[in-house]
$ cat upload07.cif   # mmCIF, C-alpha atoms
data_query
loop_
_atom_site.label_atom_id
_atom_site.label_comp_id
_atom_site.auth_asym_id
_atom_site.auth_seq_id
_atom_site.Cartn_x
_atom_site.Cartn_y
_atom_site.Cartn_z
CA MET A 181 -3.96 28.31 8.75
CA SER A 182 -5.80 26.77 11.68
CA ASP A 183 -8.10 28.91 13.78
CA ARG A 184 -6.92 27.31 16.96
CA GLY A 185 -4.13 24.94 17.82
CA LEU A 186 -4.40 21.22 17.23
CA LEU A 187 -4.31 18.63 19.96
CA THR A 188 -2.20 15.58 19.21
CA VAL A 189 -1.92 12.50 21.39
CA ILE A 190 1.25 10.46 20.98
CA SER A 191 1.24 6.97 22.40
CA GLY A 192 3.39 3.95 21.82
CA PHE A 193 5.04 0.98 23.40
CA SER A 194 7.31 1.64 26.32
CA GLY A 195 10.86 1.78 24.97
CA CYS A 196 9.89 2.74 21.43
CA GLY A 197 11.47 6.19 21.77
CA LYS A 198 8.31 8.30 22.32
CA GLY A 199 9.96 10.69 24.76
CA THR A 200 12.88 11.44 22.45
CA VAL A 201 10.65 11.99 19.43
CA VAL A 202 8.32 14.23 21.45
CA GLY A 203 11.36 16.20 22.68
CA LYS A 204 12.39 16.71 19.06
CA LEU A 205 8.89 17.93 18.17
CA VAL A 206 9.04 20.48 20.97
CA ASP A 207 12.64 21.62 20.35
CA SER A 208 12.77 21.59 16.54
CA TYR A 209 9.17 22.26 15.54
CA GLY A 210 7.87 24.42 18.39
CA TYR A 211 5.10 22.18 19.71
CA SER A 212 3.80 22.76 23.23
CA LEU A 213 3.82 19.90 25.65
CA SER A 214 0.95 19.50 28.06
CA ILE A 215 1.81 19.27 31.75
CA SER A 216 0.12 16.67 33.92
CA ALA A 217 -1.33 17.23 37.34
CA THR A 218 -0.32 14.69 39.97
CA THR A 219 -0.85 13.92 43.62
CA ARG A 220 2.55 12.32 44.10
CA ASN A 221 5.18 14.20 46.09
CA PRO A 222 7.69 16.31 44.16
CA ARG A 223 11.08 14.65 43.80
CA ASP A 224 14.47 16.38 43.66
CA GLY A 225 14.61 18.53 40.56
CA ASP A 226 10.82 18.50 40.00
CA VAL A 227 9.63 22.01 39.18
CA GLU A 228 5.98 22.99 39.73
CA GLY A 229 4.37 23.98 36.43
CA VAL A 230 7.29 22.60 34.43
CA HIS A 231 7.38 18.86 35.14
CA TYR A 232 4.03 18.59 36.89
CA PHE A 233 1.33 20.55 38.62
CA PHE A 234 1.46 19.17 42.16
CA ILE A 235 -1.94 19.11 43.82
CA THR A 236 -3.54 17.36 46.78
CA LYS A 237 -5.74 14.28 46.52
CA GLU A 238 -8.74 16.32 47.64
CA GLU A 239 -8.16 18.85 44.87
CA PHE A 240 -7.62 16.09 42.33
CA LYS A 241 -10.87 14.32 43.28
CA ASP A 242 -12.70 17.63 43.24
CA ARG A 243 -11.47 18.29 39.69
CA ILE A 244 -12.49 14.78 38.60
CA GLU A 245 -16.01 15.57 39.87
CA LYS A 246 -16.04 18.80 37.87
CA ASN A 247 -14.88 16.99 34.71
CA GLY A 248 -11.65 18.95 34.86
CA PHE A 249 -9.43 16.31 33.23
CA LEU A 250 -9.13 15.17 29.64
CA GLU A 251 -8.03 11.86 31.09
CA TRP A 252 -6.76 10.66 34.44
CA ALA A 253 -5.51 7.47 36.01
CA GLU A 254 -4.43 6.09 39.36
CA TYR A 255 -0.99 4.53 39.52
CA VAL A 256 0.61 3.02 42.62
CA GLY A 257 -1.63 5.01 44.94
CA ASN A 258 -1.23 8.36 43.18
CA TYR A 259 -3.35 10.19 40.65
CA TYR A 260 -2.12 11.58 37.34
CA GLY A 261 -4.24 13.58 34.90
CA THR A 262 -4.26 16.01 31.99
CA PRO A 263 -5.86 19.32 33.10
CA LYS A 264 -8.54 20.31 30.63
CA ASP A 265 -8.32 24.08 31.23
CA TYR A 266 -4.55 24.16 30.76
CA VAL A 267 -4.75 22.39 27.39
CA GLU A 268 -7.78 24.44 26.31
CA THR A 269 -5.98 27.73 27.05
CA MET A 270 -3.01 26.72 24.89
CA LEU A 271 -5.23 25.55 22.03
CA ALA A 272 -7.20 28.80 22.15
CA GLN A 273 -3.90 30.69 21.82
CA GLY A 274 -3.29 28.80 18.57
CA LYS A 275 -0.62 26.54 20.04
CA ASN A 276 -0.29 22.98 18.80
CA VAL A 277 -0.31 20.82 21.89
CA ILE A 278 1.14 17.34 22.31
CA LEU A 279 0.05 14.89 24.96
CA GLU A 280 2.41 11.99 25.49
CA ILE A 281 0.18 9.48 27.23
CA GLU A 282 -0.57 5.79 27.11
CA MET A 283 -3.19 4.26 24.89
CA GLN A 284 -6.05 4.05 27.41
CA GLY A 285 -5.59 7.74 28.21
CA GLY A 286 -5.45 8.58 24.51
CA LEU A 287 -8.80 6.93 23.91
CA LYS A 288 -10.34 8.87 26.81
CA VAL A 289 -9.04 12.12 25.28
CA LYS A 290 -10.63 11.18 21.95
CA GLU A 291 -13.98 10.71 23.70
CA GLN A 292 -13.82 14.24 25.09
CA CYS A 293 -12.12 15.84 22.07
CA PRO A 294 -13.15 14.00 18.91
CA GLU A 295 -11.01 16.44 16.91
CA ALA A 296 -7.83 15.29 18.68
CA VAL A 297 -5.35 13.48 16.44
CA LEU A 298 -4.20 10.13 17.83
CA VAL A 299 -0.77 8.92 16.71
CA PHE A 300 0.57 5.53 17.69
CA MET A 301 4.31 4.94 17.54
CA VAL A 302 5.74 1.48 17.03
CA PRO A 303 9.31 0.22 16.97
CA PRO A 304 10.59 -1.39 13.74
CA SER A 305 10.12 -4.82 15.35
CA ALA A 306 9.44 -6.55 18.67
CA LYS A 307 13.04 -7.82 18.66
CA GLU A 308 14.33 -4.26 18.24
CA LEU A 309 12.15 -3.06 21.14
CA LYS A 310 13.38 -5.86 23.38
CA SER A 311 17.02 -5.15 22.63
CA ARG A 312 16.51 -1.41 23.27
CA LEU A 313 14.98 -2.20 26.66
CA VAL A 314 17.78 -4.64 27.49
CA ASN A 315 20.48 -2.15 26.42
CA ARG A 316 18.88 0.59 28.49
CA GLY A 317 19.84 -1.58 31.47
CA THR A 318 17.37 0.03 33.85
CA GLU A 319 15.04 -2.94 34.21
CA ASP A 320 15.43 -6.64 34.87
CA MET A 321 14.33 -9.26 32.32
CA ASP A 322 11.07 -9.97 34.15
CA THR A 323 9.99 -6.32 33.85
CA ILE A 324 11.09 -6.21 30.22
CA ASN A 325 9.10 -9.32 29.37
CA ARG A 326 6.05 -7.84 31.10
CA ARG A 327 6.43 -4.71 29.00
CA ILE A 328 6.60 -6.77 25.80
CA ALA A 329 3.54 -8.76 26.88
CA ARG A 330 1.67 -5.52 27.60
CA ALA A 331 2.64 -4.15 24.18
CA SER A 332 1.20 -7.21 22.46
CA GLU A 333 -2.08 -6.62 24.33
CA GLU A 334 -2.20 -2.89 23.56
CA ILE A 335 -1.68 -3.39 19.83
CA ASP A 336 -5.18 -4.86 19.57
CA TYR A 337 -6.60 -1.40 20.23
CA ILE A 338 -4.55 0.26 17.52
CA ASN A 339 -7.57 0.51 15.23
CA ASP A 340 -8.99 3.20 17.51
CA TYR A 341 -5.99 5.38 16.76
CA ASP A 342 -5.82 7.64 13.70
CA TYR A 343 -2.23 7.22 12.55
CA ILE A 344 0.56 4.70 12.91
CA VAL A 345 4.22 5.69 12.59
CA VAL A 346 7.30 3.50 12.76
CA ASN A 347 10.17 4.93 14.79
CA ASP A 348 13.21 3.65 12.94
CA ASP A 349 14.94 7.05 13.11
CA ILE A 350 14.22 9.83 15.62
CA GLY A 351 14.49 12.74 13.18
CA ARG A 352 12.56 11.02 10.41
CA CYS A 353 9.80 9.93 12.79
CA ALA A 354 9.47 13.43 14.31
CA GLY A 355 9.32 14.90 10.78
CA GLU A 356 6.61 12.41 9.85
CA ILE A 357 4.49 13.34 12.87
CA HIS A 358 5.05 17.04 12.15
CA ASN A 359 3.80 16.45 8.57
CA ILE A 360 0.74 14.64 9.85
CA ILE A 361 -0.15 17.50 12.19
CA THR A 362 0.53 20.09 9.46
CA CYS A 363 -1.81 18.24 7.09
CA GLU A 364 -4.47 17.94 9.78
CA GLY A 365 -4.24 21.73 9.89
CA LYS A 366 -5.41 21.82 6.25
CA LYS A 367 -8.65 20.04 7.09
CA VAL A 368 -11.76 22.04 6.32
CA ILE A 369 -12.98 21.60 9.92
CA ASN A 370 -9.78 23.25 11.14
CA ASN A 371 -10.11 26.20 8.76
CA GLY A 372 -13.34 27.90 9.70
CA GLU A 373 -11.80 31.37 9.36
CA LEU A 374 -10.33 30.71 5.93
CA THR A 375 -13.51 29.22 4.48
CA GLU A 376 -15.60 32.02 5.96
CA ARG A 377 -13.27 34.62 4.46
CA ILE A 378 -13.46 32.95 1.03
CA LYS A 379 -17.26 32.70 1.22
CA GLN A 380 -17.53 36.39 1.98
CA ASP A 381 -14.91 37.29 -0.61
CA PHE A 382 -16.82 35.51 -3.38
CA LYS A 383 -20.15 36.91 -2.29
CA ASN A 384 -18.87 40.48 -2.28
CA ILE A 385 -17.06 40.56 -5.58
CA MET B 130 3.11 1.72 3.68
CA SER B 131 -0.43 1.49 2.34
CA ASP B 132 -1.89 -1.87 1.40
CA ARG B 133 -3.62 -0.43 -1.63
CA GLY B 134 -3.50 2.89 -3.40
CA LEU B 135 -5.39 5.90 -2.12
CA LEU B 136 -8.15 7.63 -4.02
CA THR B 137 -8.02 11.41 -3.97
CA VAL B 138 -10.63 13.73 -5.44
CA ILE B 139 -9.43 17.20 -6.38
CA SER B 140 -12.08 19.83 -6.98
CA GLY B 141 -11.98 23.58 -7.10
CA PHE B 142 -13.35 26.65 -8.77
CA SER B 143 -12.99 26.86 -12.49
CA GLY B 144 -9.87 28.89 -13.20
CA CYS B 145 -8.14 28.17 -9.90
CA GLY B 146 -5.42 26.13 -11.59
CA LYS B 147 -6.63 22.60 -10.78
CA GLY B 148 -5.50 21.12 -14.08
CA THR B 149 -1.96 22.48 -13.77
CA VAL B 150 -1.58 21.32 -10.17
CA VAL B 151 -2.95 17.86 -11.05
CA GLY B 152 -0.51 17.68 -13.99
CA LYS B 153 2.32 18.44 -11.57
CA LEU B 154 1.14 15.69 -9.20
CA VAL B 155 1.17 13.19 -12.08
CA ASP B 156 4.50 14.31 -13.59
CA SER B 157 6.52 15.07 -10.47
CA TYR B 158 5.03 12.73 -7.89
CA GLY B 159 3.89 9.74 -9.96
CA TYR B 160 0.16 9.86 -9.27
CA SER B 161 -2.21 8.08 -11.65
CA LEU B 162 -5.01 10.04 -13.22
CA SER B 163 -8.36 8.39 -13.70
CA ILE B 164 -9.81 8.42 -17.21
CA SER B 165 -13.47 9.29 -17.72
CA ALA B 166 -15.88 7.45 -19.94
CA THR B 167 -17.97 9.63 -22.26
CA THR B 168 -20.60 9.34 -24.95
CA ARG B 169 -19.44 12.42 -26.81
CA ASN B 170 -17.71 11.97 -30.16
CA PRO B 171 -13.90 11.92 -30.17
CA ARG B 172 -12.36 15.18 -31.35
CA ASP B 173 -9.10 15.60 -33.25
CA GLY B 174 -6.26 14.46 -31.05
CA ASP B 175 -8.49 12.54 -28.65
CA VAL B 176 -6.95 9.14 -27.93
CA GLU B 177 -9.13 6.28 -26.69
CA GLY B 178 -7.98 5.14 -23.24
CA VAL B 179 -5.75 8.21 -22.83
CA HIS B 180 -8.08 11.20 -22.85
CA TYR B 181 -11.38 9.31 -22.54
CA PHE B 182 -12.97 5.93 -22.94
CA PHE B 183 -15.46 6.54 -25.75
CA ILE B 184 -18.59 4.46 -25.39
CA THR B 185 -22.13 4.52 -26.77
CA LYS B 186 -25.12 5.92 -24.90
CA GLU B 187 -26.57 2.42 -24.62
CA GLU B 188 -23.41 1.12 -23.04
CA PHE B 189 -23.24 4.11 -20.71
CA LYS B 190 -26.84 3.66 -19.54
CA ASP B 191 -26.24 -0.05 -19.10
CA ARG B 192 -23.24 0.69 -16.88
CA ILE B 193 -25.26 3.20 -14.84
CA GLU B 194 -27.80 0.42 -14.22
CA LYS B 195 -25.04 -1.91 -13.08
CA ASN B 196 -23.64 0.74 -10.71
CA GLY B 197 -20.51 0.86 -12.83
CA PHE B 198 -19.64 4.51 -12.16
CA LEU B 199 -18.21 6.20 -9.11
CA GLU B 200 -20.02 9.28 -10.36
CA TRP B 201 -21.55 10.40 -13.61
CA ALA B 202 -23.28 13.45 -15.03
CA GLU B 203 -25.04 14.58 -18.19
CA TYR B 204 -23.66 17.70 -19.82
CA VAL B 205 -25.02 19.26 -23.02
CA GLY B 206 -26.62 16.03 -24.14
CA ASN B 207 -23.65 13.80 -23.44
CA TYR B 208 -22.75 11.57 -20.52
CA TYR B 209 -19.50 11.68 -18.60
CA GLY B 210 -18.53 9.30 -15.79
CA THR B 211 -15.73 7.78 -13.73
CA PRO B 212 -15.57 4.00 -14.38
CA LYS B 213 -15.53 2.16 -11.10
CA ASP B 214 -13.66 -0.94 -12.35
CA TYR B 215 -10.88 1.12 -13.91
CA VAL B 216 -10.24 3.03 -10.68
CA GLU B 217 -10.56 -0.11 -8.55
CA THR B 218 -7.96 -1.96 -10.65
CA MET B 219 -5.44 0.85 -10.21
CA LEU B 220 -6.06 1.10 -6.45
CA ALA B 221 -5.67 -2.69 -6.09
CA GLN B 222 -2.29 -2.40 -7.83
CA GLY B 223 -1.24 0.05 -5.10
CA LYS B 224 -1.44 3.10 -7.33
CA ASN B 225 -2.52 6.43 -5.86
CA VAL B 226 -5.30 7.66 -8.09
CA ILE B 227 -6.44 11.24 -8.60
CA LEU B 228 -9.88 12.22 -9.86
CA GLU B 229 -10.16 15.80 -11.03
CA ILE B 230 -13.90 16.37 -10.91
CA GLU B 231 -16.35 19.01 -9.83
CA MET B 232 -17.76 19.22 -6.34
CA GLN B 233 -21.07 17.43 -6.94
CA GLY B 234 -19.18 14.50 -8.49
CA GLY B 235 -16.72 14.51 -5.59
CA LEU B 236 -19.53 14.15 -3.07
CA LYS B 237 -20.98 11.22 -5.05
CA VAL B 238 -17.57 9.52 -4.98
CA LYS B 239 -17.41 9.98 -1.19
CA GLU B 240 -20.80 8.27 -0.87
CA GLN B 241 -19.52 5.22 -2.71
CA CYS B 242 -15.94 5.33 -1.32
CA PRO B 243 -15.98 6.81 2.17
CA GLU B 244 -12.21 6.30 2.35
CA ALA B 245 -11.64 8.68 -0.59
CA VAL B 246 -9.82 11.89 0.34
CA LEU B 247 -11.59 15.04 -0.86
CA VAL B 248 -9.42 18.09 -1.48
CA PHE B 249 -10.87 21.44 -2.43
CA MET B 250 -8.63 23.98 -4.13
CA VAL B 251 -9.31 27.69 -3.85
CA PRO B 252 -7.61 30.69 -5.43
CA PRO B 253 -5.97 33.23 -3.08
CA SER B 254 -8.98 35.53 -3.62
CA ALA B 255 -12.07 36.05 -5.75
CA LYS B 256 -10.37 39.04 -7.39
CA GLU B 257 -7.36 36.90 -8.30
CA LEU B 258 -9.64 34.24 -9.83
CA LYS B 259 -11.51 36.82 -11.86
CA SER B 260 -8.33 38.36 -13.23
CA ARG B 261 -6.97 34.89 -14.14
CA LEU B 262 -10.16 34.13 -16.08
CA VAL B 263 -10.06 37.53 -17.79
CA ASN B 264 -6.36 37.13 -18.69
CA ARG B 265 -6.97 33.65 -20.09
CA GLY B 266 -9.07 35.47 -22.68
CA THR B 267 -11.05 32.39 -23.70
CA GLU B 268 -14.40 33.53 -22.30
CA ASP B 269 -16.53 36.66 -22.42
CA MET B 270 -17.34 38.65 -19.28
CA ASP B 271 -20.83 37.13 -18.99
CA THR B 272 -19.41 33.61 -18.83
CA ILE B 273 -16.75 34.73 -16.36
CA ASN B 274 -19.33 36.34 -14.10
CA ARG B 275 -21.43 33.17 -14.24
CA ARG B 276 -18.38 31.13 -13.20
CA ILE B 277 -17.76 33.46 -10.24
CA ALA B 278 -21.42 33.26 -9.24
CA ARG B 279 -21.27 29.47 -9.43
CA ALA B 280 -18.12 29.43 -7.29
CA SER B 281 -19.85 31.44 -4.59
CA GLU B 282 -22.66 28.87 -4.54
CA GLU B 283 -20.31 25.87 -4.51
CA ILE B 284 -18.34 27.18 -1.56
CA ASP B 285 -21.30 26.53 0.72
CA TYR B 286 -20.71 22.80 0.30
CA ILE B 287 -17.05 23.01 1.23
CA ASN B 288 -17.73 21.56 4.68
CA ASP B 289 -18.39 18.20 3.02
CA TYR B 290 -14.82 18.16 1.75
CA ASP B 291 -11.92 16.90 3.87
CA TYR B 292 -9.16 19.38 3.06
CA ILE B 293 -8.87 22.92 1.74
CA VAL B 294 -5.74 24.14 -0.05
CA VAL B 295 -4.98 27.59 -1.40
CA ASN B 296 -3.35 27.63 -4.84
CA ASP B 297 -1.07 30.65 -4.64
CA ASP B 298 1.81 28.78 -6.24
CA ILE B 299 1.54 25.66 -8.43
CA GLY B 300 4.59 23.85 -7.02
CA ARG B 301 3.79 24.67 -3.42
CA CYS B 302 0.15 23.66 -3.81
CA ALA B 303 1.05 20.35 -5.50
CA GLY B 304 3.56 19.67 -2.72
CA GLU B 305 0.90 20.39 -0.12
CA ILE B 306 -1.55 17.95 -1.72
CA HIS B 307 1.20 15.34 -2.02
CA ASN B 308 1.91 15.75 1.72
CA ILE B 309 -1.78 15.36 2.53
CA ILE B 310 -2.00 12.12 0.54
CA THR B 311 1.26 10.83 2.05
CA CYS B 312 -0.07 11.49 5.56
CA GLU B 313 -3.39 9.83 4.73
CA GLY B 314 -1.24 6.82 3.87
CA LYS B 315 -0.08 6.72 7.51
CA LYS B 316 -3.62 6.29 8.80
CA VAL B 317 -4.19 3.08 10.70
CA ILE B 318 -7.10 2.17 8.38
CA ASN B 319 -4.71 2.34 5.43
CA ASN B 320 -2.11 0.14 7.10
CA GLY B 321 -3.81 -3.18 7.68
CA GLU B 322 -0.73 -5.13 6.60
CA LEU B 323 1.66 -3.21 8.84
CA THR B 324 -0.50 -3.46 11.95
CA GLU B 325 -1.12 -7.16 11.32
CA ARG B 326 2.61 -7.77 10.92
CA ILE B 327 3.34 -5.94 14.19
CA LYS B 328 0.60 -7.79 16.05
CA GLN B 329 2.04 -11.13 14.94
CA ASP B 330 5.60 -9.98 15.61
CA PHE B 331 4.79 -9.09 19.22
CA LYS B 332 2.78 -12.23 19.81
CA ASN B 333 5.55 -14.49 18.53
CA ILE B 334 8.52 -12.99 20.32
#
$ encode --input "upload07.cif" --output "structure tokens"
Amino acid sequence: MSDRGLLTVISGFSGCGKGTVVGKLVDSYGYSLSISATTRNPRDGDVEGVHYFFITKEEFKDRIEKNGFLEWAEYVGNYYGTPKDYVETMLAQGKNVILEIEMQGGLKVKEQCPEAVLVFMVPPSAKELKSRLVNRGTEDMDTINRRIARASEEIDYINDYDYIVVNDDIGRCAGEIHNIITCEGKKVINNGELTERIKQDFKNI
Amino acid sequence: MSDRGLLTVISGFSGCGKGTVVGKLVDSYGYSLSISATTRNPRDGDVEGVHYFFITKEEFKDRIEKNGFLEWAEYVGNYYGTPKDYVETMLAQGKNVILEIEMQGGLKVKEQCPEAVLVFMVPPSAKELKSRLVNRGTEDMDTINRRIARASEEIDYINDYDYIVVNDDIGRCAGEIHNIITCEGKKVINNGELTERIKQDFKNI
């Protein structure tokens, strides 16, 4: 019923299963995923316009100047950002777009797009998160403990997010986020066409 | 997941099926309906504390003075209002409360309870509403036309409501409102206990 697509930001602690839930939202519910621009070099298997838009540092800085990003950040010497025009084009086509970004980025998006819906995903417990990270086996204990420490700092900003969802089951959590976005689509502010049609309809009867 | 119950106001054009949808929300989804206080005399079948709280004009005016109503109005010489303490007690018990009131009343409730969720129900079309009112056969054409005219005035205030739902099918519409209220229950502001528990959990690991 929405005039244009809705923009949803999904953030959450590293290891809480964000990527898998977002994948489910794309595959099972037809959401569009935004693609980031980056200045890092493509790695094996990286496809331009699928995994990233690869651009030069000069181009990236130029786009920052022109307010061309919904949010951007520098990480280990490279820039990463969400291209504003790319997201805007999809929204204008009526597509519901998901940005999977970290909390700081999410808050920057909200500044530029107050209508964006911010969803924060948490694991059932800190213990559960820790054991997931340990079982993943890709990081040493020092890194894992730093991630946990970072999570406990991030959680203080949760009040700036709109919704909180607990990921205790991938399918259930994806369904919950899909419901949230569907209901956001029933908001009066997202139904300008419908309300206008009803206004006219009642005035012309 | 909510700490306390949620307050939802349901308004909509006369004849759009509000009462039936609200009945479905109470019967099938377990919502609690608020009971109005009134100064009118009880009619046959009216049960105190079920259909209305019957009080005297003096008592009503006294409660107005003490800011004891979420909203109130005078109608054909009698007062009608939503008792604040009654609603507050139910919300504190974790019950999700529905107020079925007209738009003006809904906006007054929002002033006093900014966290209240305002849902506006519309019929599929003005023509459909008119034919429902005609088929009901309880009002003459003059009254029906006045109702339609009033609807077309009310619709201008729809932007002050949070959500708009189309009642093209009772069950579907009730399900849609139930989803909206469920998703509102996932808002961070409605999950103080959960976020506090997670904060502590991550700090203590």
$ resolve_selection --input "upload07.cif" --expression "the PyMOL selection byres ((chain A) within 10 of (chain B))" --output "VMD selection string"
chain A and resid 181 298 to 300 302 to 307 309 to 310 325 328 to 336 338 to 346 356 to 357 359 to 372 374 to 385
$ write_last_selection --input "upload07.cif" --atoms "C-alpha atoms" --output "short mmCIF file (atom, residue, chain, number, x, y, z; two decimals), keeping the file's coordinate frame"
data_model
loop_
_atom_site.label_atom_id
_atom_site.label_comp_id
_atom_site.auth_asym_id
_atom_site.auth_seq_id
_atom_site.Cartn_x
_atom_site.Cartn_y
_atom_site.Cartn_z
CA MET A 181 -3.96 28.31 8.75
CA LEU A 298 -4.20 10.13 17.83
CA VAL A 299 -0.77 8.92 16.71
CA PHE A 300 0.57 5.53 17.69
CA VAL A 302 5.74 1.48 17.03
CA PRO A 303 9.31 0.22 16.97
CA PRO A 304 10.59 -1.39 13.74
CA SER A 305 10.12 -4.82 15.35
CA ALA A 306 9.44 -6.55 18.67
CA LYS A 307 13.04 -7.82 18.66
CA LEU A 309 12.15 -3.06 21.14
CA LYS A 310 13.38 -5.86 23.38
CA ASN A 325 9.10 -9.32 29.37
CA ILE A 328 6.60 -6.77 25.80
CA ALA A 329 3.54 -8.76 26.88
CA ARG A 330 1.67 -5.52 27.60
CA ALA A 331 2.64 -4.15 24.18
CA SER A 332 1.20 -7.21 22.46
CA GLU A 333 -2.08 -6.62 24.33
CA GLU A 334 -2.20 -2.89 23.56
CA ILE A 335 -1.68 -3.39 19.83
CA ASP A 336 -5.18 -4.86 19.57
CA ILE A 338 -4.55 0.26 17.52
CA ASN A 339 -7.57 0.51 15.23
CA ASP A 340 -8.99 3.20 17.51
CA TYR A 341 -5.99 5.38 16.76
CA ASP A 342 -5.82 7.64 13.70
CA TYR A 343 -2.23 7.22 12.55
CA ILE A 344 0.56 4.70 12.91
CA VAL A 345 4.22 5.69 12.59
CA VAL A 346 7.30 3.50 12.76
CA GLU A 356 6.61 12.41 9.85
CA ILE A 357 4.49 13.34 12.87
CA ASN A 359 3.80 16.45 8.57
CA ILE A 360 0.74 14.64 9.85
CA ILE A 361 -0.15 17.50 12.19
CA THR A 362 0.53 20.09 9.46
CA CYS A 363 -1.81 18.24 7.09
CA GLU A 364 -4.47 17.94 9.78
CA GLY A 365 -4.24 21.73 9.89
CA LYS A 366 -5.41 21.82 6.25
CA LYS A 367 -8.65 20.04 7.09
CA VAL A 368 -11.76 22.04 6.32
CA ILE A 369 -12.98 21.60 9.92
CA ASN A 370 -9.78 23.25 11.14
CA ASN A 371 -10.11 26.20 8.76
CA GLY A 372 -13.34 27.90 9.70
CA LEU A 374 -10.33 30.71 5.93
CA THR A 375 -13.51 29.22 4.48
CA GLU A 376 -15.60 32.02 5.96
CA ARG A 377 -13.27 34.62 4.46
CA ILE A 378 -13.46 32.95 1.03
CA LYS A 379 -17.26 32.70 1.22
CA GLN A 380 -17.53 36.39 1.98
CA ASP A 381 -14.91 37.29 -0.61
CA PHE A 382 -16.82 35.51 -3.38
CA LYS A 383 -20.15 36.91 -2.29
CA ASN A 384 -18.87 40.48 -2.28
CA ILE A 385 -17.06 40.56 -5.58
#
$ atom_distance --input "upload07.cif" --atom1 "atom CA of A:Cys196" --atom2 "atom CA of A:Gly317"
14.8 Å
$ resolve_selection --input "upload07.cif" --expression "the PyMOL selection byres ((chain B and resi 149) around 12)" --output "JSON, numbers by chain"
{"B": [139, 143, 144, 145, 146, 147, 148, 150, 151, 152, 153, 154, 155, 156, 157, 229, 250, 296, 298, 299, 300, 302, 303]}
$ atom_distance --input "upload07.cif" --atom1 "atom CA of B:Val205" --atom2 "atom CA of B:Thr167"
12.0 Å
$ atom_distance --input "upload07.cif" --atom1 "atom CA of A:Ser311" --atom2 "atom CA of A:Tyr260"
29.4 Å
